[in-house]
>>> print(open('upload.tsv').read())   # TSV, C-alpha atoms and all ligand atoms
chain	number	residue	atom	x	y	z
G	15	MET	CA	0.00	0.00	0.00
G	16	VAL	CA	2.81	2.36	0.98
G	17	TYR	CA	4.52	1.71	-2.37
G	18	GLU	CA	1.27	2.30	-4.31
G	19	VAL	CA	0.85	5.73	-2.70
G	20	SER	CA	4.51	6.58	-3.42
G	21	TYR	CA	4.21	5.65	-7.09
G	22	GLU	CA	1.03	7.70	-7.40
G	23	LEU	CA	2.78	10.66	-5.79
G	24	LEU	CA	5.80	10.24	-8.06
G	25	GLY	CA	3.51	10.17	-11.07
G	26	LYS	CA	1.86	13.41	-9.98
G	27	ILE	CA	5.21	15.08	-9.38
G	28	PHE	CA	6.38	13.93	-12.81
G	29	VAL	CA	3.27	15.31	-14.54
G	30	ALA	CA	3.50	18.58	-12.56
G	31	ALA	CA	7.18	18.93	-13.54
G	32	LEU	CA	6.32	18.35	-17.20
G	33	LEU	CA	3.58	20.98	-17.04
G	34	ILE	CA	5.93	23.51	-15.42
G	35	ILE	CA	8.63	22.86	-18.07
G	36	ALA	CA	6.02	23.19	-20.84
G	37	ALA	CA	4.76	26.47	-19.33
G	38	VAL	CA	8.32	27.87	-18.96
G	39	PHE	CA	9.11	26.84	-22.53
G	40	ALA	CA	5.91	28.39	-23.92
G	41	MET	CA	6.49	31.62	-21.99
G	42	GLY	CA	10.13	31.87	-23.10
G	43	LEU	CA	9.20	31.27	-26.71
G	44	SER	CA	6.37	33.82	-26.58
G	45	LEU	CA	8.69	36.46	-25.11
G	46	ALA	CA	11.31	35.60	-27.76
G	47	TYR	CA	8.70	36.21	-30.42
G	48	ILE	CA	7.97	39.66	-28.93
G	49	VAL	CA	11.71	40.48	-29.07
G	50	PHE	CA	11.84	39.28	-32.68
G	51	LYS	CA	8.77	41.19	-33.83
G	52	LYS	CA	8.73	44.32	-31.67
G	53	LYS	CA	12.38	44.54	-30.56
G	54	LYS	CA	11.17	44.83	-26.97
G	55	LEU	CA	13.26	43.18	-24.28
G	56	ILE	CA	11.15	41.66	-21.55
G	57	PHE	CA	12.95	39.37	-19.08
G	58	PRO	CA	15.95	38.97	-21.43
G	59	LYS	CA	17.90	36.64	-19.13
G	60	PHE	CA	14.88	34.36	-18.77
G	61	ILE	CA	14.49	34.22	-22.57
G	62	LEU	CA	18.19	33.40	-23.00
G	63	PHE	CA	17.90	30.66	-20.39
G	64	VAL	CA	14.96	29.07	-22.22
G	65	LEU	CA	16.50	29.42	-25.70
G	66	ASP	CA	19.87	28.03	-24.56
G	67	SER	CA	18.35	25.20	-22.51
G	68	PHE	CA	15.86	24.12	-25.17
G	69	HIS	CA	17.64	25.23	-28.35
G	70	ALA	CA	16.72	22.30	-30.59
G	71	MET	CA	13.15	22.19	-29.23
G	72	SER	CA	12.75	25.96	-29.76
G	73	LYS	CA	13.95	25.66	-33.37
G	74	LYS	CA	11.53	22.80	-33.97
G	75	ALA	CA	8.61	24.69	-32.41
G	76	VAL	CA	9.30	27.82	-34.50
G	77	SER	CA	9.58	25.69	-37.63
G	78	LEU	CA	6.28	23.88	-36.88
G	79	LEU	CA	4.61	27.26	-36.32
G	80	GLY	CA	5.92	28.50	-39.68
G	81	GLY	CA	8.24	31.14	-38.18
G	82	ASN	CA	11.59	32.49	-39.41
G	83	GLU	CA	14.15	29.65	-39.46
G	84	PHE	CA	16.72	31.85	-37.71
G	85	MET	CA	14.39	33.48	-35.18
G	86	ILE	CA	15.97	31.73	-32.19
G	87	GLU	CA	19.51	32.72	-33.22
G	88	ILE	CA	18.52	36.30	-34.10
G	89	VAL	CA	16.77	36.80	-30.76
G	90	GLY	CA	19.68	35.24	-28.84
G	91	ILE	CA	22.17	37.54	-30.58
G	92	GLU	CA	19.98	40.62	-30.08
G	93	ILE	CA	19.61	39.95	-26.36
G	94	ARG	CA	23.32	39.26	-25.83
G	95	ASN	CA	24.21	42.38	-27.79
G	96	LYS	CA	21.92	44.57	-25.69
G	97	LEU	CA	23.08	43.06	-22.39
G	98	SER	CA	26.77	43.63	-23.28
G	99	LYS	CA	26.52	46.88	-25.19
G	100	ASN	CA	27.60	49.15	-22.34
G	101	LYS	CA	30.51	46.92	-21.35
G	102	PHE	CA	31.62	46.80	-24.98
G	103	ALA	CA	31.45	50.59	-25.23
G	104	LYS	CA	33.59	50.87	-22.10
G	105	THR	CA	36.26	48.51	-23.44
G	106	PRO	CA	39.16	50.46	-25.00
G	107	TYR	CA	39.52	49.96	-28.76
G	108	SER	CA	43.02	48.67	-28.16
G	109	GLU	CA	41.57	45.71	-26.22
G	110	ARG	CA	39.07	44.73	-28.91
G	111	ILE	CA	39.38	42.52	-31.98
G	112	ILE	CA	37.08	41.97	-34.94
G	113	ILE	CA	36.45	38.52	-36.33
G	114	LEU	CA	35.20	38.36	-39.91
G	115	PRO	CA	34.13	35.29	-41.91
G	116	GLN	CA	36.27	34.32	-44.90
G	117	CYS	CA	33.10	34.10	-47.05
G	118	LEU	CA	33.19	37.92	-47.28
G	119	ARG	CA	36.14	37.69	-49.69
G	120	LYS	CA	35.88	37.45	-53.46
G	121	LEU	CA	36.28	34.09	-55.14
G	122	GLU	CA	39.41	35.46	-56.82
G	123	CYS	CA	40.87	36.56	-53.47
G	124	PRO	CA	44.67	36.41	-53.69
G	125	ALA	CA	45.20	36.15	-49.92
G	126	LYS	CA	46.67	33.04	-48.32
G	127	MET	CA	45.13	31.15	-45.43
G	128	SER	CA	47.20	30.59	-42.29
G	129	SER	CA	46.25	27.84	-39.87
G	130	VAL	CA	47.15	30.19	-36.98
G	131	ASP	CA	45.91	33.65	-38.02
G	132	GLY	CA	43.24	32.81	-40.60
G	133	LEU	CA	43.11	34.59	-43.95
G	134	LYS	CA	45.98	37.05	-44.45
G	135	CYS	CA	44.20	39.81	-46.41
G	136	ILE	CA	46.64	41.70	-48.64
G	137	GLY	CA	44.27	44.60	-49.18
G	138	CYS	CA	43.55	44.09	-52.87
G	139	GLY	CA	40.26	45.96	-52.38
G	140	GLN	CA	38.04	43.49	-54.22
G	141	CYS	CA	35.89	42.98	-51.11
G	142	LYS	CA	35.08	44.91	-47.94
G	143	VAL	CA	37.53	43.07	-45.70
G	144	ALA	CA	40.39	45.48	-46.41
G	145	LYS	CA	38.11	48.48	-45.82
G	146	ILE	CA	36.86	47.09	-42.50
G	147	ALA	CA	40.41	46.26	-41.36
G	148	LYS	CA	41.51	49.82	-42.25
G	149	LYS	CA	38.64	51.30	-40.24
G	150	ALA	CA	39.50	49.05	-37.29
G	151	LYS	CA	43.13	50.14	-37.47
G	152	GLU	CA	42.15	53.81	-37.56
G	153	LEU	CA	40.04	53.33	-34.45
G	154	GLY	CA	42.90	51.54	-32.72
G	155	TYR	CA	41.56	47.99	-32.63
G	156	LYS	CA	43.99	45.26	-31.63
G	157	ASP	CA	43.44	43.42	-34.92
G	158	THR	CA	40.99	42.18	-37.55
G	159	ILE	CA	41.03	38.44	-38.09
G	160	VAL	CA	39.37	36.66	-40.99
G	161	VAL	CA	38.52	33.06	-40.15
G	162	PRO	CA	37.18	30.06	-42.06
G	163	GLY	CA	34.95	28.92	-39.18
G	164	GLY	CA	34.08	29.01	-35.49
G	165	GLY	CA	36.81	26.47	-34.69
G	166	PHE	CA	39.38	29.28	-34.86
G	167	ILE	CA	37.85	31.35	-32.08
G	168	LYS	CA	39.46	29.63	-29.08
G	169	ARG	CA	42.86	29.76	-30.80
G	170	ILE	CA	42.40	33.48	-31.46
G	171	ILE	CA	41.41	34.22	-27.88
G	172	LYS	CA	44.49	32.36	-26.67
G	173	LYS	CA	46.76	34.34	-28.98
G	174	TYR	CA	45.25	37.87	-28.76
G	175	LYS	CA	43.71	37.75	-25.26
G	176	PRO	CA	41.10	40.36	-26.21
G	177	GLU	CA	38.81	41.94	-23.64
G	178	ALA	CA	36.10	42.26	-26.29
G	179	ILE	CA	35.26	40.66	-29.62
G	180	LEU	CA	33.02	41.95	-32.37
G	181	GLY	CA	32.06	38.99	-34.54
G	182	VAL	CA	30.42	38.92	-37.96
G	183	ALA	CA	28.96	35.73	-39.45
G	184	CYS	CA	25.73	33.93	-40.35
G	185	PRO	CA	23.09	33.68	-37.56
G	186	HIS	CA	24.05	30.12	-36.68
G	187	GLU	CA	27.77	30.92	-36.31
G	188	VAL	CA	27.31	34.19	-34.39
G	189	HIS	CA	24.79	32.64	-32.02
G	190	GLY	CA	26.93	29.52	-31.48
G	191	GLY	CA	30.06	31.59	-30.91
G	192	MET	CA	28.38	33.91	-28.43
G	193	ALA	CA	26.85	31.02	-26.51
G	194	GLN	CA	30.18	29.17	-26.50
G	195	LEU	CA	32.10	32.19	-25.15
G	196	ALA	CA	29.39	33.44	-22.79
G	197	LYS	CA	31.23	32.22	-19.69
G	198	THR	CA	34.77	33.26	-20.71
G	199	GLY	CA	34.38	36.86	-19.53
G	200	VAL	CA	35.15	38.23	-23.00
G	201	VAL	CA	32.68	40.99	-23.89
G	202	LEU	CA	30.86	40.07	-27.09
G	203	GLN	CA	28.94	41.83	-29.81
G	204	GLY	CA	27.64	40.07	-32.90
G	205	ILE	CA	26.49	41.14	-36.34
G	206	ILE	CA	24.65	38.92	-38.78
G	207	LEU	CA	25.64	38.98	-42.44
G	208	LYS	CA	23.28	40.94	-44.67
G	209	TYR	CA	23.51	38.35	-47.43
G	210	GLY	CA	24.62	34.89	-46.38
G	211	GLY	CA	25.12	31.84	-48.54
G	212	CYS	CA	28.78	30.98	-47.76
G	213	VAL	CA	30.26	32.65	-50.89
G	214	GLU	CA	30.90	36.37	-51.49
G	215	THR	CA	28.61	37.32	-48.62
G	216	LYS	CA	27.86	40.90	-47.53
G	217	VAL	CA	27.79	42.80	-44.26
G	218	ASP	CA	25.96	46.05	-43.60
G	219	LEU	CA	28.88	48.47	-43.22
G	220	ARG	CA	26.78	51.13	-41.51
G	221	GLU	CA	25.69	48.69	-38.86
G	222	LEU	CA	29.22	47.32	-38.49
G	223	TYR	CA	30.93	50.72	-38.27
G	224	GLY	CA	28.29	51.87	-35.78
G	225	MET	CA	29.03	48.91	-33.54
G	226	MET	CA	32.80	49.16	-34.03
G	227	SER	CA	32.76	52.82	-33.01
G	228	LEU	CA	30.75	52.30	-29.82
G	229	SER	CA	32.63	54.04	-27.08
G	230	SER	CA	31.86	55.63	-23.76
G	231	SER	CA	35.37	56.74	-22.95
G	232	PRO	CA	38.19	58.49	-24.80
G	233	ASP	CA	40.57	55.79	-26.08
G	301	LIG	S1	40.39	42.67	-49.88
G	301	LIG	FE1	41.55	41.07	-48.81
G	301	LIG	S2	40.07	39.48	-48.34
G	301	LIG	FE2	39.10	40.81	-49.90
G	301	LIG	S3	39.56	39.78	-51.83
G	301	LIG	FE3	41.24	41.26	-51.45
G	301	LIG	S4	42.86	40.15	-50.36
G	301	LIG	FE4	40.95	38.91	-50.30
>>> encode(input="upload.tsv", output="structure tokens")
Amino acid sequence: MVYEVSYELLGKIFVAALLIIAAVFAMGLSLAYIVFKKKKLIFPKFILFVLDSFHAMSKKAVSLLGGNEFMIEIVGIEIRNKLSKNKFAKTPYSERIIILPQCLRKLECPAKMSSVDGLKCIGCGQCKVAKIAKKAKELGYKDTIVVPGGGFIKRIIKKYKPEAILGVACPHEVHGGMAQLAKTGVVLQGIILKYGGCVETKVDLRELYGMMSLSSSPD
């Protein structure tokens, strides 16, 4: 009899736990949708917790509901950007680096790829990489690194020891990189490519320069 009561109780606790998880998930996803549509941040840390804890489930739910395939990543990036914006602005330019994806370059790019530093742009001017690197240099950034993928990031952090990173990539890469580095203490800002597709992609220079120039103290 004692065991029967215990099993019944366990069953109730299990069902109650499932209902609470479902409610938390539904609330997180609803708030994420508000961020996506209205750009309003309500309980941003709660949304991040839900999206990070249930990433695959969130993607599936958005897909079943016919939403934007990158909504989860876009919302995650937007929230992380807003939460870190002030810290990024306070970080001296000299302690920041920019990480660009190699897909920004032209197919005829003459630069060589290094397994340590990524693509060594020679400034031929066929794509925007040289222009962005020049702007970063003028501002006083530590460096601009062009990488073939997210696997380079840890190596770059080890080498450059930046206090802040501004990363440009597709939604999946920016979101993954920000989530991966969230606990490292490095201040992060992310920008999504304007036109993706892995070859000769584009970034919104106005948006990028605006973010690069963020500053709340004379450098
Ligand atoms: S500007 Fe740099 S990255 Fe772009 S195509 Fe020329 S060498 Fe390659």
>>> closest_atom_pairs(input="upload.tsv", of="chain G", to="ligand LIG 301 (chain G)", cutoff="7 Å", atoms="all atoms listed in the file", output="Markdown table")
| residue | atom | partner | partner_atom | distance |
| --- | --- | --- | --- | --- |
| G:Arg119 | CA | G:LIG301 | FE2 | 4.3 |
| G:Lys120 | CA | G:LIG301 | S3 | 4.7 |
| G:Glu122 | CA | G:LIG301 | S3 | 6.6 |
| G:Cys123 | CA | G:LIG301 | S3 | 3.8 |
| G:Pro124 | CA | G:LIG301 | S4 | 5.3 |
| G:Ala125 | CA | G:LIG301 | S4 | 4.7 |
| G:Cys135 | CA | G:LIG301 | FE1 | 3.8 |
| G:Ile136 | CA | G:LIG301 | S4 | 4.4 |
| G:Gly137 | CA | G:LIG301 | S1 | 4.4 |
| G:Cys138 | CA | G:LIG301 | FE3 | 3.9 |
| G:Gly139 | CA | G:LIG301 | S1 | 4.1 |
| G:Gln140 | CA | G:LIG301 | S3 | 4.7 |
| G:Cys141 | CA | G:LIG301 | FE2 | 4.1 |
| G:Lys142 | CA | G:LIG301 | FE2 | 6.1 |
| G:Val143 | CA | G:LIG301 | FE2 | 5.0 |
| G:Ala144 | CA | G:LIG301 | S1 | 4.5 |
>>> atom_distance(input="upload.tsv", atom1="CA of Val160 (chain G)", atom2="CA of Leu114 (chain G)")
4.6 Å
>>> atom_distance(input="upload.tsv", atom1="CA of Leu121 (chain G)", atom2="CA of Ala150 (chain G)")
23.5 Å
>>> closest_residue(input="upload.tsv", among="G:Thr198, G:Thr215, G:Thr105, G:Ser227", to="Ala183 (chain G)", atoms="all atoms listed in the file")
G:Thr215
>>> atom_distance(input="upload.tsv", atom1="CA of Ser108 (chain G)", atom2="CA of Gln194 (chain G)")
23.4 Å
>>> residues_around(input="upload.tsv", residues="Ser44 (chain G)", least_positions_apart="6", cutoff="10 Å", atoms="only C-alpha atoms", output="list of chain:residue names")
G:Val38, G:Phe50, G:Ile61
>>> write_last_selection(input="upload.tsv", atoms="C-alpha atoms", output="PDB file, in the frame of the given file")
ATOM      1  CA  VAL G  38       8.320  27.870 -18.960  1.00  0.00           C
ATOM      2  CA  PHE G  50      11.840  39.280 -32.680  1.00  0.00           C
ATOM      3  CA  ILE G  61      14.490  34.220 -22.570  1.00  0.00           C
TER       4      ILE G  61
END
>>> residues_around(input="upload.tsv", residues="Lys168 (chain G)", least_positions_apart="4", cutoff="12 Å", atoms="all atoms listed in the file", output="list in words")
Ile113, Val130, Asp131, Val161, Gly163, Gly164, Lys172, Lys173, Tyr174, Lys175, Pro176, Ile179, Gly191, Met192, Gln194, Leu195, Thr198 and Val200 of chain G
>>> residues_near_point(input="upload.tsv", point="(15.5, 35.9, -25.2)", cutoff="6 Å", atoms="all atoms listed in the file", output="list of chain:residue names")
G:Ala46, G:Pro58, G:Ile61, G:Leu62, G:Val89, G:Gly90, G:Ile93
>>> closest_residue(input="upload.tsv", among="G:Lys59, G:Arg220, G:Lys74, G:Lys52", to="Lys149 (chain G)", atoms="only C-alpha atoms")
G:Arg220
>>> residues_around(input="upload.tsv", residues="Pro162 (chain G)", least_positions_apart="2", cutoff="9 Å", atoms="only C-alpha atoms", output="PDB file with C-alpha atoms, keeping the file's coordinate frame")
ATOM      1  CA  LEU G 114      35.200  38.360 -39.910  1.00  0.00           C
ATOM      2  CA  PRO G 115      34.130  35.290 -41.910  1.00  0.00           C
ATOM      3  CA  GLN G 116      36.270  34.320 -44.900  1.00  0.00           C
ATOM      4  CA  CYS G 117      33.100  34.100 -47.050  1.00  0.00           C
ATOM      5  CA  MET G 127      45.130  31.150 -45.430  1.00  0.00           C
ATOM      6  CA  GLY G 132      43.240  32.810 -40.600  1.00  0.00           C
ATOM      7  CA  LEU G 133      43.110  34.590 -43.950  1.00  0.00           C
ATOM      8  CA  VAL G 160      39.370  36.660 -40.990  1.00  0.00           C
ATOM      9  CA  GLY G 164      34.080  29.010 -35.490  1.00  0.00           C
ATOM     10  CA  GLY G 165      36.810  26.470 -34.690  1.00  0.00           C
ATOM     11  CA  PHE G 166      39.380  29.280 -34.860  1.00  0.00           C
TER      12      PHE G 166
END
>>> axis_aligned_box(input="upload.tsv", around="region 21-39 of chain G", padding_each_side="3 Å", output="lines of an AutoDock Vina configuration file")
center_x = 5.1
center_y = 16.8
center_z = -14.2
size_x = 14.1
size_y = 28.2
size_z = 22.7
>>> closest_residue(input="upload.tsv", among="G:Lys145, G:Gly211, G:Ile88, G:Arg110", to="His186 (chain G)", atoms="only C-alpha atoms")
G:Ile88
>>> closest_residue(input="upload.tsv", among="G:Leu207, G:Cys212, G:Leu202, G:Val64", to="Lys99 (chain G)", atoms="only C-alpha atoms")
G:Leu202
>>> build_atoms(input="upload.tsv", residues="region 65-83 of chain G", atoms="N, CA, C and O atoms", output="short mmCIF file (atom, residue, chain, number, x, y, z; two decimals), in the coordinates of the input")
data_model
loop_
_atom_site.label_atom_id
_atom_site.label_comp_id
_atom_site.auth_asym_id
_atom_site.auth_seq_id
_atom_site.Cartn_x
_atom_site.Cartn_y
_atom_site.Cartn_z
N LEU G 65 16.00 29.70 -24.35
CA LEU G 65 16.50 29.42 -25.70
C LEU G 65 17.78 28.57 -25.65
O LEU G 65 17.98 27.72 -26.51
N ASP G 66 18.63 28.82 -24.65
CA ASP G 66 19.87 28.03 -24.56
C ASP G 66 19.58 26.62 -24.04
O ASP G 66 20.18 25.65 -24.49
N SER G 67 18.65 26.51 -23.09
CA SER G 67 18.35 25.20 -22.51
C SER G 67 17.56 24.31 -23.47
O SER G 67 17.67 23.09 -23.42
N PHE G 68 16.72 24.92 -24.27
CA PHE G 68 15.86 24.12 -25.17
C PHE G 68 16.09 24.57 -26.62
O PHE G 68 15.14 24.84 -27.35
N HIS G 69 17.35 24.68 -27.02
CA HIS G 69 17.64 25.23 -28.35
C HIS G 69 16.99 24.43 -29.48
O HIS G 69 16.24 24.98 -30.31
N ALA G 70 17.24 23.13 -29.49
CA ALA G 70 16.72 22.30 -30.59
C ALA G 70 15.18 22.31 -30.58
O ALA G 70 14.53 22.40 -31.62
N MET G 71 14.62 22.21 -29.36
CA MET G 71 13.15 22.19 -29.23
C MET G 71 12.56 23.52 -29.70
O MET G 71 11.52 23.56 -30.35
N SER G 72 13.23 24.62 -29.36
CA SER G 72 12.75 25.96 -29.76
C SER G 72 12.76 26.07 -31.28
O SER G 72 11.81 26.55 -31.89
N LYS G 73 13.85 25.60 -31.91
CA LYS G 73 13.95 25.66 -33.37
C LYS G 73 12.83 24.85 -34.01
O LYS G 73 12.19 25.29 -34.97
N LYS G 74 12.57 23.68 -33.43
CA LYS G 74 11.53 22.80 -33.97
C LYS G 74 10.17 23.47 -33.84
O LYS G 74 9.36 23.45 -34.78
N ALA G 75 9.92 24.05 -32.65
CA ALA G 75 8.61 24.69 -32.41
C ALA G 75 8.39 25.85 -33.39
O ALA G 75 7.31 25.99 -33.97
N VAL G 76 9.44 26.68 -33.58
CA VAL G 76 9.30 27.82 -34.50
C VAL G 76 9.05 27.31 -35.92
O VAL G 76 8.21 27.84 -36.65
N SER G 77 9.75 26.24 -36.29
CA SER G 77 9.58 25.69 -37.63
C SER G 77 8.16 25.14 -37.80
O SER G 77 7.51 25.38 -38.83
N LEU G 78 7.65 24.43 -36.79
CA LEU G 78 6.28 23.88 -36.88
C LEU G 78 5.24 25.00 -36.96
O LEU G 78 4.19 24.85 -37.60
N LEU G 79 5.56 26.13 -36.30
CA LEU G 79 4.61 27.26 -36.32
C LEU G 79 4.79 28.14 -37.56
O LEU G 79 4.13 29.17 -37.71
N GLY G 80 5.72 27.75 -38.43
CA GLY G 80 5.92 28.50 -39.68
C GLY G 80 6.69 29.80 -39.50
O GLY G 80 6.57 30.71 -40.32
N GLY G 81 7.48 29.90 -38.43
CA GLY G 81 8.24 31.14 -38.18
C GLY G 81 9.56 31.19 -38.94
O GLY G 81 9.91 30.24 -39.65
N ASN G 82 10.29 32.30 -38.78
CA ASN G 82 11.59 32.49 -39.41
C ASN G 82 12.57 31.41 -38.92
O ASN G 82 12.71 31.21 -37.72
N GLU G 83 13.27 30.77 -39.86
CA GLU G 83 14.15 29.65 -39.46
C GLU G 83 15.30 30.09 -38.55
O GLU G 83 15.88 29.28 -37.85
#
